[in-house]
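The file target03.pdb comes next; it holds PDB, C-alpha atoms and all ligand atoms.
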ATOM      1  CA  MET A   1      20.937  -2.327  -0.492
ATOM      2  CA  VAL A   2      17.616  -1.666  -2.192
ATOM      3  CA  HIS A   3      15.982   1.642  -1.377
ATOM      4  CA  ILE A   4      12.285   2.183  -2.087
ATOM      5  CA  GLU A   5      10.814   5.622  -1.641
ATOM      6  CA  SER A   6       7.206   4.491  -1.621
ATOM      7  CA  LEU A   7       6.127   0.849  -1.293
ATOM      8  CA  ILE A   8       2.383   0.258  -1.469
ATOM      9  CA  ILE A   9       1.022  -3.192  -0.656
ATOM     10  CA  GLU A  10      -2.456  -4.323  -1.652
ATOM     11  CA  ALA A  11      -3.438  -5.942   1.649
ATOM     12  CA  THR A  12      -6.858  -7.016   0.433
ATOM     13  CA  ARG A  13      -9.539  -6.337  -2.153
ATOM     14  CA  GLN A  14     -12.256  -6.882   0.427
ATOM     15  CA  CYS A  15     -14.188  -3.861   1.617
ATOM     16  CA  ALA A  16     -17.490  -3.502   3.442
ATOM     17  CA  LEU A  17     -18.221  -0.142   1.859
ATOM     18  CA  ASN A  18     -19.460   0.745  -1.549
ATOM     19  CA  CYS A  19     -18.254   4.311  -2.097
ATOM     20  CA  ALA A  20     -19.300   6.020  -5.283
ATOM     21  CA  HIS A  21     -15.855   7.571  -5.760
ATOM     22  CA  CYS A  22     -13.933   4.272  -5.410
ATOM     23  CA  LEU A  23     -11.370   3.980  -8.185
ATOM     24  CA  ARG A  24     -10.821   0.281  -7.430
ATOM     25  CA  GLY A  25     -14.278  -1.067  -8.299
ATOM     26  CA  ASP A  26     -16.345  -3.730  -6.567
ATOM     27  CA  SER A  27     -14.952  -5.572  -3.567
ATOM     28  CA  GLU A  28     -13.309  -8.938  -4.273
ATOM     29  CA  ALA A  29     -12.550 -11.846  -1.930
ATOM     30  CA  ARG A  30      -8.799 -11.681  -2.507
ATOM     31  CA  SER A  31      -6.110 -10.802   0.001
ATOM     32  CA  PHE A  32      -2.341 -10.606  -0.067
ATOM     33  CA  SER A  33      -0.841 -14.070  -0.372
ATOM     34  CA  ALA A  34       2.599 -13.503  -1.961
ATOM     35  CA  PHE A  35       4.444 -13.833   1.359
ATOM     36  CA  GLY A  36       7.182 -16.148   0.019
ATOM     37  CA  LYS A  37       7.941 -13.801  -2.890
ATOM     38  CA  LEU A  38       8.004 -10.803  -0.570
ATOM     39  CA  GLU A  39      10.343 -12.638   1.785
ATOM     40  CA  LYS A  40      12.822 -13.382  -1.038
ATOM     41  CA  PHE A  41      12.710  -9.753  -2.096
ATOM     42  CA  LEU A  42      13.248  -8.347   1.403
ATOM     43  CA  LYS A  43      16.032 -10.824   2.152
ATOM     44  CA  GLN A  44      18.337  -8.764  -0.113
ATOM     45  CA  GLY A  45      18.303  -5.878   2.367
ATOM     46  CA  VAL A  46      15.683  -3.225   1.759
ATOM     47  CA  SER A  47      15.001   0.224   3.171
ATOM     48  CA  ILE A  48      11.662   1.926   2.687
ATOM     49  CA  ASP A  49      10.850   5.591   3.210
ATOM     50  CA  SER A  50       7.097   5.123   3.160
ATOM     51  CA  LEU A  51       5.311   1.781   3.561
ATOM     52  CA  ILE A  52       1.632   2.026   2.684
ATOM     53  CA  PHE A  53      -1.014  -0.624   3.285
ATOM     54  CA  SER A  54      -3.819  -0.140   0.823
ATOM     55  CA  GLY A  55      -7.031  -1.886  -0.123
ATOM     56  CA  GLY A  56      -9.943  -2.453  -0.059
ATOM     57  CA  GLU A  57      -9.924  -2.111   3.696
ATOM     58  CA  PRO A  58      -6.567  -3.153   5.204
ATOM     59  CA  PHE A  59      -7.999  -3.550   8.719
ATOM     60  CA  LEU A  60     -10.252  -6.357   7.502
ATOM     61  CA  VAL A  61      -7.097  -8.478   7.308
ATOM     62  CA  PRO A  62      -4.922  -7.542  10.308
ATOM     63  CA  GLU A  63      -3.365 -11.027  10.129
ATOM     64  CA  VAL A  64      -2.020 -10.161   6.654
ATOM     65  CA  LEU A  65      -0.511  -6.902   7.904
ATOM     66  CA  LEU A  66       0.961  -8.736  10.880
ATOM     67  CA  HIS A  67       2.516 -11.418   8.694
ATOM     68  CA  ILE A  68       4.150  -8.818   6.426
ATOM     69  CA  ILE A  69       5.438  -6.816   9.395
ATOM     70  CA  ASN A  70       6.894  -9.983  10.943
ATOM     71  CA  ILE A  71       8.772 -10.737   7.693
ATOM     72  CA  MET A  72      10.140  -7.175   7.701
ATOM     73  CA  LEU A  73      11.229  -7.520  11.316
ATOM     74  CA  LYS A  74      12.931 -10.826  10.484
ATOM     75  CA  TYR A  75      15.017  -9.231   7.712
ATOM     76  CA  GLU A  76      15.501  -5.928   9.540
ATOM     77  CA  THR A  77      13.863  -3.959   6.758
ATOM     78  CA  HIS A  78      14.351  -0.288   7.535
ATOM     79  CA  VAL A  79      11.062   1.596   7.421
ATOM     80  CA  SER A  80      10.777   5.320   8.092
ATOM     81  CA  GLN A  81       7.014   5.677   7.952
ATOM     82  CA  ILE A  82       4.026   3.362   7.856
ATOM     83  CA  TYR A  83       0.774   4.617   6.497
ATOM     84  CA  ILE A  84      -2.590   2.821   6.513
ATOM     85  CA  ALA A  85      -5.478   4.094   4.405
ATOM     86  CA  THR A  86      -8.653   2.983   6.169
ATOM     87  CA  SER A  87     -12.331   3.819   6.003
ATOM     88  CA  GLY A  88     -12.340   3.358   9.796
ATOM     89  CA  VAL A  89     -15.288   1.009   9.485
ATOM     90  CA  ILE A  90     -15.003  -2.692  10.212
ATOM     91  CA  PRO A  91     -18.232  -4.702  10.376
ATOM     92  CA  ASN A  92     -18.906  -6.616  13.590
ATOM     93  CA  SER A  93     -18.718  -9.981  11.950
ATOM     94  CA  THR A  94     -15.146  -9.609  10.802
ATOM     95  CA  ILE A  95     -13.415  -7.445  13.366
ATOM     96  CA  HIS A  96     -10.447  -8.937  15.173
ATOM     97  CA  LEU A  97      -9.631  -6.179  17.602
ATOM     98  CA  GLN A  98      -6.862  -8.053  19.398
ATOM     99  CA  ASN A  99      -5.176  -8.769  16.114
ATOM    100  CA  ILE A 100      -5.423  -5.127  15.082
ATOM    101  CA  ILE A 101      -3.827  -3.993  18.339
ATOM    102  CA  LEU A 102      -1.072  -6.577  18.010
ATOM    103  CA  THR A 103      -0.469  -5.547  14.401
ATOM    104  CA  LEU A 104      -0.167  -1.882  15.312
ATOM    105  CA  HIS A 105       2.271  -2.683  18.122
ATOM    106  CA  LYS A 106       4.361  -4.740  15.720
ATOM    107  CA  MET A 107       4.382  -1.813  13.323
ATOM    108  CA  LEU A 108       5.779   0.420  16.022
ATOM    109  CA  GLU A 109       8.422  -2.226  16.712
ATOM    110  CA  LEU A 110       9.365  -2.230  13.021
ATOM    111  CA  LEU A 111       9.731   1.539  12.998
ATOM    112  CA  LYS A 112      12.088   1.316  15.974
ATOM    113  CA  VAL A 113      14.446  -0.788  13.819
ATOM    114  CA  ASP A 114      15.171   2.490  12.091
ATOM    115  CA  GLY A 115      15.820   4.185  15.407
ATOM    116  CA  LEU A 116      12.953   6.606  15.061
ATOM    117  CA  ASP A 117      11.083   7.894  18.042
ATOM    118  CA  ILE A 118       7.342   7.565  17.903
ATOM    119  CA  LEU A 119       6.207  10.830  19.401
ATOM    120  CA  TYR A 120       2.756  12.238  19.196
ATOM    121  CA  GLU A 121       4.250  15.718  19.050
ATOM    122  CA  SER A 122       6.452  14.818  16.126
ATOM    123  CA  ASP A 123       5.960  16.872  12.995
ATOM    124  CA  ALA A 124       6.306  13.731  10.930
ATOM    125  CA  PRO A 125       4.496  10.867  12.665
ATOM    126  CA  SER A 126       5.924   7.531  11.687
ATOM    127  CA  LEU A 127       2.711   5.562  11.950
ATOM    128  CA  LEU A 128      -0.071   7.383  10.236
ATOM    129  CA  ILE A 129      -3.619   6.157   9.896
ATOM    130  CA  GLU A 130      -5.588   8.024   7.320
ATOM    131  CA  LEU A 131      -9.306   8.217   7.882
ATOM    132  CA  SER A 132     -11.199   9.753   5.055
ATOM    133  CA  ASN A 133     -14.029  12.084   5.940
ATOM    134  CA  SER A 134     -15.242  12.520   2.408
ATOM    135  CA  GLU A 135     -18.950  12.718   1.674
ATOM    136  CA  TYR A 136     -18.637   9.553  -0.391
ATOM    137  CA  HIS A 137     -17.395   7.541   2.586
ATOM    138  CA  ALA A 138     -20.046   9.062   4.828
ATOM    139  CA  GLU A 139     -22.819   7.962   2.485
ATOM    140  CA  SER A 140     -21.371   4.506   2.219
ATOM    141  CA  ARG A 141     -20.893   4.113   5.978
ATOM    142  CA  GLU A 142     -24.491   4.757   6.945
ATOM    143  CA  GLN A 143     -25.708   1.232   7.560
ATOM    144  CA  LEU A 144     -22.527   0.055   9.267
ATOM    145  CA  ASN A 145     -21.965   0.456  12.961
ATOM    146  CA  LEU A 146     -18.602  -0.416  14.455
ATOM    147  CA  LYS A 147     -15.852   2.147  14.039
ATOM    148  CA  ILE A 148     -12.234   1.855  14.968
ATOM    149  CA  GLU A 149     -11.409   5.547  15.199
ATOM    150  CA  PRO A 150     -11.543   5.603  19.040
ATOM    151  CA  LEU A 151      -9.065   2.733  19.207
ATOM    152  CA  LEU A 152      -6.700   4.261  16.687
ATOM    153  CA  ALA A 153      -6.852   7.678  18.263
ATOM    154  CA  LEU A 154      -5.298   6.176  21.397
ATOM    155  CA  ILE A 155      -2.142   5.043  19.709
ATOM    156  CA  SER A 156      -1.659   7.142  16.633
ATOM    157  CA  LYS A 157      -2.192  10.468  15.034
ATOM    158  CA  LYS A 158      -4.918  10.416  12.525
ATOM    159  CA  ASP A 159      -5.277  12.319   9.370
ATOM    160  CA  SER A 160      -8.290  12.913   7.225
ATOM    161  CA  ARG A 161      -8.926  13.808   3.698
ATOM    162  CA  THR A 162     -11.697  15.220   1.629
ATOM    163  CA  TYR A 163     -12.235  14.606  -2.044
ATOM    164  CA  LYS A 164     -13.278  17.134  -4.588
ATOM    165  CA  GLU A 165     -15.275  15.810  -7.485
ATOM    166  CA  SER A 166     -12.845  17.503  -9.835
ATOM    167  CA  SER A 167      -9.979  15.426  -8.434
ATOM    168  CA  LEU A 168     -11.589  12.014  -9.007
ATOM    169  CA  ILE A 169     -10.009   9.710 -11.548
ATOM    170  CA  PRO A 170     -12.493   8.181 -14.030
ATOM    171  CA  ILE A 171     -11.812   4.515 -13.308
ATOM    172  CA  GLY A 172     -13.382   1.776 -11.180
ATOM    173  CA  ARG A 173     -16.709   2.801  -9.669
ATOM    174  CA  ALA A 174     -15.728   6.462 -10.219
ATOM    175  CA  GLU A 175     -15.764   5.904 -13.964
ATOM    176  CA  TYR A 176     -18.823   8.122 -14.393
ATOM    177  CA  LEU A 177     -17.948  10.622 -11.660
ATOM    178  CA  GLY A 178     -14.329  11.131 -12.517
ATOM    179  CA  MET A 179     -12.884  14.289 -13.937
ATOM    180  CA  ARG A 180      -9.103  13.919 -13.919
ATOM    181  CA  HIS A 181      -8.481  12.636 -17.447
ATOM    182  CA  ASP A 182      -4.985  14.172 -17.347
ATOM    183  CA  LYS A 183      -4.202  12.025 -14.306
ATOM    184  CA  TYR A 184      -5.690   8.987 -16.056
ATOM    185  CA  ASP A 185      -3.433   9.565 -19.078
ATOM    186  CA  ALA A 186      -0.403   9.958 -16.803
ATOM    187  CA  ILE A 187      -1.240   6.638 -15.091
ATOM    188  CA  LEU A 188      -1.425   4.844 -18.454
ATOM    189  CA  LYS A 189       1.910   6.300 -19.537
ATOM    190  CA  SER A 190       3.716   5.380 -16.353
ATOM    191  CA  CYS A 191       2.313   1.807 -16.415
ATOM    192  CA  GLU A 192       3.448   1.393 -20.013
ATOM    193  CA  LYS A 193       7.003   2.183 -18.881
ATOM    194  CA  GLY A 194       6.863  -0.151 -15.871
ATOM    195  CA  ILE A 195       8.669   0.054 -12.543
ATOM    196  CA  GLU A 196      11.636   2.407 -12.485
ATOM    197  CA  ILE A 197      14.715   0.622 -11.152
ATOM    198  CA  ASN A 198      17.689   2.967 -10.864
ATOM    199  CA  ILE A 199      21.187   1.759 -10.150
ATOM    200  CA  ASP A 200      23.355   4.150  -8.182
ATOM    201  CA  ASP A 201      26.931   2.865  -8.493
ATOM    202  CA  GLU A 202      28.396   5.559  -6.284
ATOM    203  CA  GLU A 203      26.079   4.817  -3.393
ATOM    204  CA  ASP A 204      26.083   1.079  -4.200
ATOM    205  CA  GLU A 205      22.325   1.230  -4.049
ATOM    206  CA  VAL A 206      19.329   0.258  -6.146
ATOM    207  CA  ASN A 207      16.650   2.922  -5.977
ATOM    208  CA  ILE A 208      12.960   2.405  -6.780
ATOM    209  CA  PRO A 209      10.810   5.553  -6.535
ATOM    210  CA  GLU A 210       7.428   3.824  -6.294
ATOM    211  CA  MET A 211       6.229   0.237  -6.339
ATOM    212  CA  TYR A 212       2.693  -1.089  -5.907
ATOM    213  CA  ILE A 213       2.492  -4.799  -5.101
ATOM    214  CA  THR A 214      -0.803  -6.538  -5.786
ATOM    215  CA  PHE A 215      -2.263  -9.298  -3.617
ATOM    216  CA  ASP A 216      -0.550 -11.945  -5.805
ATOM    217  CA  GLY A 217       2.851 -10.256  -6.151
ATOM    218  CA  ARG A 218       2.577  -8.299  -9.420
ATOM    219  CA  CYS A 219       4.357  -4.957  -9.388
ATOM    220  CA  PHE A 220       3.105  -1.704 -10.917
ATOM    221  CA  PRO A 221       4.700   1.751 -10.806
ATOM    222  CA  GLU A 222       1.351   3.321  -9.815
ATOM    223  CA  CYS A 223      -1.152   2.788  -7.031
ATOM    224  CA  ASP A 224      -4.078   4.615  -8.648
ATOM    225  CA  LEU A 225      -5.363   1.641 -10.612
ATOM    226  CA  SER A 226      -8.721  -0.089 -10.743
ATOM    227  CA  TYR A 227      -8.962  -3.857 -10.271
ATOM    228  CA  ASP A 228      -9.979  -4.176 -13.911
ATOM    229  CA  MET A 229      -6.900  -2.269 -15.092
ATOM    230  CA  MET A 230      -4.602  -4.446 -12.981
ATOM    231  CA  ASP A 231      -6.222  -7.644 -14.195
ATOM    232  CA  ASP A 232      -6.354  -6.540 -17.856
ATOM    233  CA  ALA A 233      -2.792  -5.241 -17.818
ATOM    234  CA  ASP A 234      -2.015  -6.992 -21.133
ATOM    235  CA  ALA A 235      -4.905  -5.267 -22.887
ATOM    236  CA  TYR A 236      -3.627  -1.902 -21.607
ATOM    237  CA  GLU A 237      -0.081  -2.843 -22.693
ATOM    238  CA  PHE A 238       1.251  -2.273 -19.204
ATOM    239  CA  LYS A 239       4.734  -3.501 -18.427
ATOM    240  CA  VAL A 240       4.225  -5.639 -15.352
ATOM    241  CA  TYR A 241       6.973  -7.343 -13.366
ATOM    242  CA  THR A 242       6.391 -10.001 -10.765
ATOM    243  CA  LEU A 243       8.144  -9.569  -7.427
ATOM    244  CA  ASP A 244      10.323 -12.572  -8.337
ATOM    245  CA  GLU A 245      11.401 -10.861 -11.567
ATOM    246  CA  ILE A 246      12.316  -7.653  -9.734
ATOM    247  CA  THR A 247      14.336  -9.706  -7.242
ATOM    248  CA  LYS A 248      16.171 -11.409 -10.134
ATOM    249  CA  ILE A 249      16.909  -8.113 -11.924
ATOM    250  CA  ILE A 250      18.421  -6.667  -8.754
ATOM    251  CA  LYS A 251      20.430  -9.810  -7.940
ATOM    252  CA  LYS A 252      21.784  -9.958 -11.487
ATOM    253  CA  ASP A 253      22.902  -6.345 -11.255
ATOM    254  CA  LEU A 254      24.588  -6.902  -7.895
ATOM    255  CA  ARG A 255      26.418  -9.974  -9.213
ATOM    256  CA  LYS A 256      27.601  -8.000 -12.252
ATOM    257  CA  ARG A 257      28.930  -5.204 -10.098
ATOM    258  CA  ASN A 258      30.736  -7.563  -7.743
ATOM    259  CA  LYS A 259      32.656  -8.993 -10.701
ATOM    260  CA  VAL A 260      33.884  -5.595 -11.869
TER     261      VAL A 260
HETATM  262  S1  LIG B 301     -13.042   3.979  -1.505
HETATM  263 FE1  LIG B 301     -12.048   2.675   0.010
HETATM  264  S2  LIG B 301     -13.642   2.396   1.587
HETATM  265 FE2  LIG B 301     -14.709   3.095  -0.265
HETATM  266  S3  LIG B 301     -15.315   1.243  -1.373
HETATM  267 FE3  LIG B 301     -13.310   1.849  -2.195
HETATM  268  S4  LIG B 301     -11.811   0.676  -0.994
HETATM  269 FE4  LIG B 301     -13.766   0.647   0.139
END
Would you mind writing the file's structure down as structure tokens?
Amino acid sequence: MVHIESLIIEATRQCALNCAHCLRGDSEARSFSAFGKLEKFLKQGVSIDSLIFSGGEPFLVPEVLLHIINIMLKYETHVSQIYIATSGVIPNSTIHLQNIILTLHKMLELLKVDGLDILYESDAPSLLIELSNSEYHAESREQLNLKIEPLLALISKKDSRTYKESSLIPIGRAEYLGMRHDKYDAILKSCEKGIEINIDDEEDEVNIPEMYITFDGRCFPECDLSYDMMDDADAYEFKVYTLDEITKIIKKDLRKRNKV
């Protein structure tokens, strides 16, 4: 069994907003497409404490979220919590409300695989939609009109977050706003080391603390990366695995242990 504490999936690089504090950078017309690789990886038997859909704006591509959730249902991936970071703003031209509702229902179905009750009163909600109320998002939202908060409020708890300028990381569009150089240095260090894959012989388990999967199936140990950093990984000397490589490493280890 493979156990991942925090699995973050880059659902899309599209986003209708243009927030000044965005550590990703400018929106790109790329969305998650590594379904086959993800399927091979999940086929091994995977449990996830926290599954996070990140972006860009994940709700611009509900069909991507739905596809991933369906793969997880197929392989009975155990998921304890799903978390979606959204601006809550989807432009009229691209909204697929029915698909969003269907996706959210499927997510609840996936969480039931783990036998968890989805209760609004629960201290630890299993499906959590984060809506940021930062000043940066507010500025960026101004010209856009259709919000999904009312819909989400019906079926999920919502959380919100504010940003302090001093906590911004100087990358992406926040390059000139950012203050957290210590955090930036820590990101570089962890990406140089690459994904941590720990073998626990006693528990017969492979443990991965954190894994960020990009739209095309590259894996980083960090989610706080700009698009430029991900795409110039060689220049930064980051150790990057593909999902296929991680699958092979794990399979090789399991084969080795079965022989002993
Ligand atoms: S911070 Fe989020 S909502 Fe704002 S531009 Fe970046 S990805 Fe889009």
(request) Please provide as a VMD selection string all residues within 10 Å of A:Arg218, with the sequence filter that same-chain residues fewer than 6 positions apart are discarded (counting only C-alpha atoms). (result) chain A and resid 34 211 to 212 230 240 to 246
What would the file look like if the residues just selected were written as a PDB file, in the coordinates of the input with C-alpha atoms?
ATOM      1  CA  ALA A  34       2.599 -13.503  -1.961  1.00  0.00           C
ATOM      2  CA  MET A 211       6.229   0.237  -6.339  1.00  0.00           C
ATOM      3  CA  TYR A 212       2.693  -1.089  -5.907  1.00  0.00           C
ATOM      4  CA  MET A 230      -4.602  -4.446 -12.981  1.00  0.00           C
ATOM      5  CA  VAL A 240       4.225  -5.639 -15.352  1.00  0.00           C
ATOM      6  CA  TYR A 241       6.973  -7.343 -13.366  1.00  0.00           C
ATOM      7  CA  THR A 242       6.391 -10.001 -10.765  1.00  0.00           C
ATOM      8  CA  LEU A 243       8.144  -9.569  -7.427  1.00  0.00           C
ATOM      9  CA  ASP A 244      10.323 -12.572  -8.337  1.00  0.00           C
ATOM     10  CA  GLU A 245      11.401 -10.861 -11.567  1.00  0.00           C
ATOM     11  CA  ILE A 246      12.316  -7.653  -9.734  1.00  0.00           C
TER      12      ILE A 246
END
(request) Would you kindly return, as a ChimeraX atom specification, each protein, DNA or RNA residue with an atom no farther than 12 Å from any atom of A:Lys256, considering all atoms listed in the file and excluding same-chain residues fewer than 6 positions away? (result) /A:199,201,249-250
Centre and size of axis-aligned box enclosing ligand LIG 301 (chain B) plus 4 Å each side, as lines of an AutoDock Vina configuration file:
center_x = -13.6
center_y = 2.3
center_z = -0.3
size_x = 11.5
size_y = 11.3
size_z = 11.8
(request) Expand the PyMOL selection byres (((chain A and resi 206) around 7) and not hetatm) into the individual residues it matches in the shown file, reporting them as a list in words. (result) Met1, Val2, His3, Ile197, Asn198, Ile199, Asp200, Glu205, Asn207 and Ile208 of chain A
Name the residues captured by the PyMOL selection byres (((chain A and resi 66-79) around 8) and not hetatm) when it is applied to the shown file; answer as a compact mmCIF listing (two decimals) with C-alpha atoms, in the frame of the given file.
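Contents of result.txt, freshly written:
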# COMPACT_ATOMS: atom_id res chain seq x y z
CA PHE A 35 4.44 -13.83 1.36
CA GLU A 39 10.34 -12.64 1.78
CA LEU A 42 13.25 -8.35 1.40
CA LYS A 43 16.03 -10.82 2.15
CA GLY A 45 18.30 -5.88 2.37
CA VAL A 46 15.68 -3.22 1.76
CA SER A 47 15.00 0.22 3.17
CA ILE A 48 11.66 1.93 2.69
CA ASP A 49 10.85 5.59 3.21
CA SER A 50 7.10 5.12 3.16
CA LEU A 51 5.31 1.78 3.56
CA PRO A 62 -4.92 -7.54 10.31
CA GLU A 63 -3.36 -11.03 10.13
CA VAL A 64 -2.02 -10.16 6.65
CA LEU A 65 -0.51 -6.90 7.90
CA SER A 80 10.78 5.32 8.09
CA GLN A 81 7.01 5.68 7.95
CA ILE A 82 4.03 3.36 7.86
CA LEU A 102 -1.07 -6.58 18.01
CA THR A 103 -0.47 -5.55 14.40
CA LYS A 106 4.36 -4.74 15.72
CA MET A 107 4.38 -1.81 13.32
CA LEU A 110 9.36 -2.23 13.02
CA LEU A 111 9.73 1.54 13.00
CA VAL A 113 14.45 -0.79 13.82
CA ASP A 114 15.17 2.49 12.09
Could you build a table of the residues in chain A lying no more than 7 Å from ligand LIG 301 (chain B), giving for each the nearest pair of atoms and their separation in Å rounded to one decimal place, using all atoms listed in the file, ordered by chain and ascending residue number, as a tab-separated table?
residue	atom	partner	partner_atom	distance
A:Cys15	CA	B:LIG301	FE4	4.8
A:Ala16	CA	B:LIG301	FE4	6.5
A:Leu17	CA	B:LIG301	S3	4.6
A:Asn18	CA	B:LIG301	S3	4.2
A:Cys19	CA	B:LIG301	FE2	4.2
A:His21	CA	B:LIG301	S1	6.2
A:Cys22	CA	B:LIG301	S1	4.0
A:Leu23	CA	B:LIG301	FE3	6.6
A:Arg24	CA	B:LIG301	FE3	6.0
A:Gly25	CA	B:LIG301	FE3	6.8
A:Gly55	CA	B:LIG301	S4	5.5
A:Gly56	CA	B:LIG301	S4	3.8
A:Glu57	CA	B:LIG301	S4	5.8
A:Thr86	CA	B:LIG301	S2	6.8
A:Ser87	CA	B:LIG301	S2	4.8
A:His137	CA	B:LIG301	FE2	5.9
With C-alpha atoms retained, export the selected residues as a compact mmCIF listing (two decimals), in the coordinates of the input.
# COMPACT_ATOMS: atom_id res chain seq x y z
CA CYS A 15 -14.19 -3.86 1.62
CA ALA A 16 -17.49 -3.50 3.44
CA LEU A 17 -18.22 -0.14 1.86
CA ASN A 18 -19.46 0.74 -1.55
CA CYS A 19 -18.25 4.31 -2.10
CA HIS A 21 -15.86 7.57 -5.76
CA CYS A 22 -13.93 4.27 -5.41
CA LEU A 23 -11.37 3.98 -8.18
CA ARG A 24 -10.82 0.28 -7.43
CA GLY A 25 -14.28 -1.07 -8.30
CA GLY A 55 -7.03 -1.89 -0.12
CA GLY A 56 -9.94 -2.45 -0.06
CA GLU A 57 -9.92 -2.11 3.70
CA THR A 86 -8.65 2.98 6.17
CA SER A 87 -12.33 3.82 6.00
CA HIS A 137 -17.40 7.54 2.59
(message) What does the structure give for the distance between atom CA of A:Glu196 and atom CA of A:Met179, in Å to one decimal?
(response)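 Answer for the atom CA of A:Glu196 to atom CA of A:Met179 separation: 27.3 Å.
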(request) Go ahead and compute the interatomic distance for atom CA of A:Phe53 and atom CA of A:Met229, in Å to one decimal. (result)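 Atom CA of A:Met229 lies at a distance of 19.4 Å from atom CA of A:Phe53.
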(message) Just the number, please: distance in Å from atom CA of A:Leu7 to atom CA of A:Thr247, one decimal.
(response)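 Between atom CA of A:Leu7 and atom CA of A:Thr247 the gap works out to 14.6 Å.
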(message) To test your reading of the syntax: which residues would the PyMOL selection byres (((chain A and resi 237) around 10) and not hetatm) return for the file shown? Reply as a count of residues only.
(response) 13
(request) Give the answer as one residue: which of A:Pro58, A:Gly36, A:Gly217, A:Gly178 has the shortest atom-to-atom distance to A:Ala85, using only C-alpha atoms? (result) A:Pro58
(message) I'd like the contact shell of A:Arg30 - 8 Å cut-off, only C-alpha atoms, skipping same-chain residues fewer than 6 positions apart - returned as an MDAnalysis selection string.
(response) chainID A and resid 12:14 215
